[in-house]
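Written below as structure tokens is the structure these notes are about.
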Amino acid sequence: MPVNEGMAELSDLLFRTSIGVYAVGMLGFGAEFAFSRLGRVAGSASAVDEAEAVDAADETAAKQAVLVGAAPAGGGEVGTTGPSGGVPGRTDGRTSPAGDGSPRKGAGSAGADGVTPRASVWIGRLAVVLTIVGWATHVGSVVTRAIAADRVPWGNMYEFSSMICLIAVTTFLVLITRQPLRWLGVFVMVPVVLSMGFAGTVLYVAAGPLVPALDSYWLKIHVAGAIISSGVFLVSAVTTVLFLLKDRWESRLAEVASGRAEASRAMRSRGGIVMRLPSSATLDTITYRIIAFAFPIWTFAIIAGAIWAEAAWGRYWGWDPKETWSFITWVIYAAYLHARATAGWRGRRAAAVSLLAFSALFIDYYLVNLVINGLHSYAGI
């Protein structure tokens, strides 16, 4: 069937529009995060099961215990751990119990005392609206691409990248409907915007029919599973990096509290991006839950791929580069979950395994498709 050129052009226009809207939403999240105390509320017990978070952070809890009443040399309070044991500096307890960063009735609007400024709250809400608009535009791009090519819209790396980013944004939007995690927006949208920009320039190919090897109903099953899990794993990589930054900051603050180091300017002024993140224990738990959700989907994708390989090539497994790196990724993520469940690996060790697993996924997607030749070389560029 010939390509519907009108729909193909509309798809490209919607794709570029979604990047622009996402970018503006990203700036909105960044503005809210920079000028409010939203990150401090996100670490509260309402965000994550408190019992699990405390159990997941023996080392972090020990650090935070030192921080209570800590003050830098030269006077002035560095910040105390709030009721949640999360982020230093929150002692007034005047934010709304919903944890969305909005002040309670009668609370002030200045950020100096730890209360979220009303303007910042509205900026954050506007950023969510923009993200939803961008998501809807992105969905329109995917749907019109499918109509234009008369097939599922994930037959090459451009389309695959678009779908992974769509799943990552969907994951974020679902998370903020369940927990007060709006602070995560800027950190998720940065890799999404960069990935979509790379896909729309370097990886872009015009809409067209599938290569014969991909023309199978298994494309709808196997690749769909890989897309969903990859998009969710992207969010887990973001929270892992944030955990490492926050954990390092807490360690530094513990050294300041014990007199082994001097407080930085950000610590003295209660500013800085890392300071406004939730506690490292909260971030560690969020990462674990995201990976635990995505891992079974990745497992299903590998199994479905093996069945498709048997139908296409007469064998279930042949150690093709794509198969090999997919299996390596699976093993490392399985090791992450196993180590947490049996050996009690949490904190930095678990984070290292999480980043190693995502690095393997990155190699599996980009290097194997673009550099290494194999049976799965369907980049389309």
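Identifiers in this document derive from the order of the structure tokens: chains are assigned A, B, ..., residues are numbered from 1 separately in each chain, and ligands are numbered from 1 in order of occurrence.
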
Worksheet item: Could you pull out all residues of segment 221-362 of chain A with a DSSP call of helix (DSSP H, G or I) and give them as an MDAnalysis selection string?
Response: chainID A and resid 221:257 265:268 274:276 280:313 321:343 347:362

Item to complete: Please identify all polymer residues within 12 Å of Ile164 of chain A, counting only C-alpha atoms, omitting same-chain residues fewer than 4 positions from it, and present them as JSON, numbers by chain.
Response: {"A": [138, 139, 142, 153, 154, 157, 158, 159, 160, 168, 169, 170, 171, 191, 192, 193, 195, 196, 199, 223, 224, 225, 226, 227, 228, 229, 230, 231, 232, 233, 234, 235, 365]}

Discussion item. So that I can see what lies close to Ala146 of chain A, please list as an MDAnalysis selection string the residues with an atom at most 10 Å from it, counting only C-alpha atoms and leaving out residues fewer than 3 positions away in the same chain.
Written reply: chainID A and resid 4 7:8 11 140:143 149:155 159 207:208

Print the selection's residues with N, CA and C atoms to a file, as a short mmCIF file (atom, residue, chain, number, x, y, z; two decimals), in the first residue's frame.
data_model
loop_
_atom_site.label_atom_id
_atom_site.label_comp_id
_atom_site.auth_asym_id
_atom_site.auth_seq_id
_atom_site.Cartn_x
_atom_site.Cartn_y
_atom_site.Cartn_z
N ASN A 4 0.68 7.32 2.71
CA ASN A 4 -0.18 8.49 2.73
C ASN A 4 0.70 9.69 3.08
N MET A 7 -0.63 12.31 5.70
CA MET A 7 -0.54 11.86 7.09
C MET A 7 0.92 11.82 7.55
N ALA A 8 1.82 11.45 6.65
CA ALA A 8 3.23 11.40 7.01
C ALA A 8 3.76 12.79 7.37
N SER A 11 2.34 13.78 10.70
CA SER A 11 3.04 13.08 11.77
C SER A 11 4.35 13.78 12.11
N GLY A 140 -0.60 11.79 18.82
CA GLY A 140 -1.10 12.08 17.48
C GLY A 140 -0.05 11.82 16.42
N SER A 141 1.22 12.13 16.73
CA SER A 141 2.30 11.86 15.79
C SER A 141 2.45 10.37 15.53
N VAL A 142 2.37 9.59 16.59
CA VAL A 142 2.51 8.14 16.45
C VAL A 142 1.34 7.56 15.65
N VAL A 143 0.13 8.00 15.97
CA VAL A 143 -1.06 7.47 15.30
C VAL A 143 -1.06 7.83 13.81
N ALA A 149 1.78 4.87 7.10
CA ALA A 149 2.51 3.69 6.63
C ALA A 149 1.65 2.43 6.62
N ASP A 150 0.43 2.51 7.17
CA ASP A 150 -0.48 1.36 7.24
C ASP A 150 0.16 0.18 7.97
N ARG A 151 0.73 0.45 9.13
CA ARG A 151 1.38 -0.60 9.95
C ARG A 151 1.60 -0.04 11.34
N VAL A 152 2.10 -0.89 12.23
CA VAL A 152 2.43 -0.41 13.57
C VAL A 152 3.60 0.57 13.47
N PRO A 153 3.59 1.62 14.29
CA PRO A 153 4.59 2.69 14.12
C PRO A 153 5.88 2.45 14.91
N TRP A 154 6.45 1.26 14.78
CA TRP A 154 7.75 1.02 15.40
C TRP A 154 8.58 0.05 14.56
N GLY A 155 8.77 0.43 13.30
CA GLY A 155 9.50 -0.43 12.38
C GLY A 155 10.94 -0.02 12.14
N GLU A 159 11.16 5.54 14.79
CA GLU A 159 9.86 5.26 15.37
C GLU A 159 10.00 4.61 16.74
N ALA A 207 8.30 7.85 6.36
CA ALA A 207 7.35 6.75 6.52
C ALA A 207 7.39 5.85 5.30
N GLY A 208 7.34 4.55 5.55
CA GLY A 208 7.39 3.59 4.46
C GLY A 208 7.02 2.21 4.94
#

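Take the candidates A:Ile286, A:Val274, A:Ile167, A:Ala34 and check each one against Gln179 of chain A using only C-alpha atoms; the shortest distance goes to A:Ile286.
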
Worksheet item: Nearest to Leu181 of chain A: which of A:Leu283, A:Leu337, A:Leu245, A:Leu210 is it, counting only C-alpha atoms?
Response: A:Leu283

Worksheet item: Got a sec: who's within 9 Å of Thr287 of chain A, counting only C-alpha atoms, leaving out chain neighbours fewer than 4 positions off, as number ranges by chain?
Response: A: 235-240, 243, 282-283, 291-292, 351, 354

Grab the residues selected above and save them as a compact mmCIF listing (two decimals), in the first residue's frame with N, CA and C atoms.
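Saved to out.txt:
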# COMPACT_ATOMS: atom_id res chain seq x y z
N VAL A 235 13.18 5.92 32.99
CA VAL A 235 12.81 6.67 34.18
C VAL A 235 13.58 6.15 35.40
N SER A 236 13.77 4.84 35.48
CA SER A 236 14.53 4.28 36.61
C SER A 236 15.98 4.73 36.58
N ALA A 237 16.54 4.90 35.40
CA ALA A 237 17.92 5.40 35.30
C ALA A 237 18.00 6.83 35.81
N VAL A 238 16.98 7.64 35.52
CA VAL A 238 16.94 9.01 36.01
C VAL A 238 16.91 9.04 37.53
N THR A 239 16.03 8.25 38.14
CA THR A 239 15.93 8.24 39.60
C THR A 239 17.19 7.66 40.24
N THR A 240 17.86 6.76 39.55
CA THR A 240 19.12 6.23 40.07
C THR A 240 20.19 7.31 40.15
N PHE A 243 19.42 9.57 42.94
CA PHE A 243 19.77 8.96 44.22
C PHE A 243 21.25 9.14 44.53
N THR A 282 14.14 7.59 49.83
CA THR A 282 12.94 7.66 48.99
C THR A 282 13.29 7.39 47.53
N LEU A 283 14.35 8.01 47.05
CA LEU A 283 14.76 7.81 45.66
C LEU A 283 15.15 6.36 45.41
N ILE A 291 11.85 -0.45 38.53
CA ILE A 291 12.52 -1.59 37.90
C ILE A 291 11.72 -2.87 38.10
N ALA A 292 11.16 -3.04 39.28
CA ALA A 292 10.35 -4.25 39.55
C ALA A 292 9.14 -4.31 38.63
N ALA A 351 22.43 0.97 43.27
CA ALA A 351 22.43 1.99 42.23
C ALA A 351 23.47 1.68 41.15
N SER A 354 22.03 -0.91 38.94
CA SER A 354 20.97 -0.32 38.11
C SER A 354 21.56 0.44 36.92

Practice prompt. Could you check which of A:Leu355, A:Leu175, A:Leu203, A:Val24 is closest to Leu242 of chain A, using only C-alpha atoms?
Written response: A:Leu355

Worksheet item: Pick from A:Val202, A:Ala127, A:Val188, A:Leu173: nearest to Val241 of chain A, with only C-alpha atoms counted?
Response: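 Closest to Val241 of chain A of all the choices is A:Val188.
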
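With distances restricted to only C-alpha atoms, A:Gly197 is the closest residue to Thr17 of chain A from A:Pro2, A:Gly30, A:Gly197, A:Gly124.
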
Discussion item. When you count only C-alpha atoms, which of these residues is closest to Val129 of chain A: A:Leu184, A:Met163, A:Leu214, A:Met26?
Written reply: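 Among the listed residues, the smallest separation from Val129 of chain A belongs to A:Met26.
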
Discussion item. Quick check, in Å to one decimal: how far apart do atom CA of Val21 of chain A and atom CA of Leu277 of chain A lie?
Written reply: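 Computed distance, atom CA of Val21 of chain A to atom CA of Leu277 of chain A, equals 24.6 Å.
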
Fill in: Shell around Arg340 of chain A at 12 Å using only C-alpha atoms, local window under 3 positions removed, as a ChimeraX atom specification
/A:55-56,284-285,287-289,291-292,333-337,343-351,353-354

Practice prompt. State, in Å with one decimal place, the distance from atom CA of Val3 of chain A to atom CA of Tyr22 of chain A.
Written response: 28.2 Å

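Taking atom CA of Phe295 of chain A as the reference point, atom CA of Thr342 of chain A is found at 17.0 Å.
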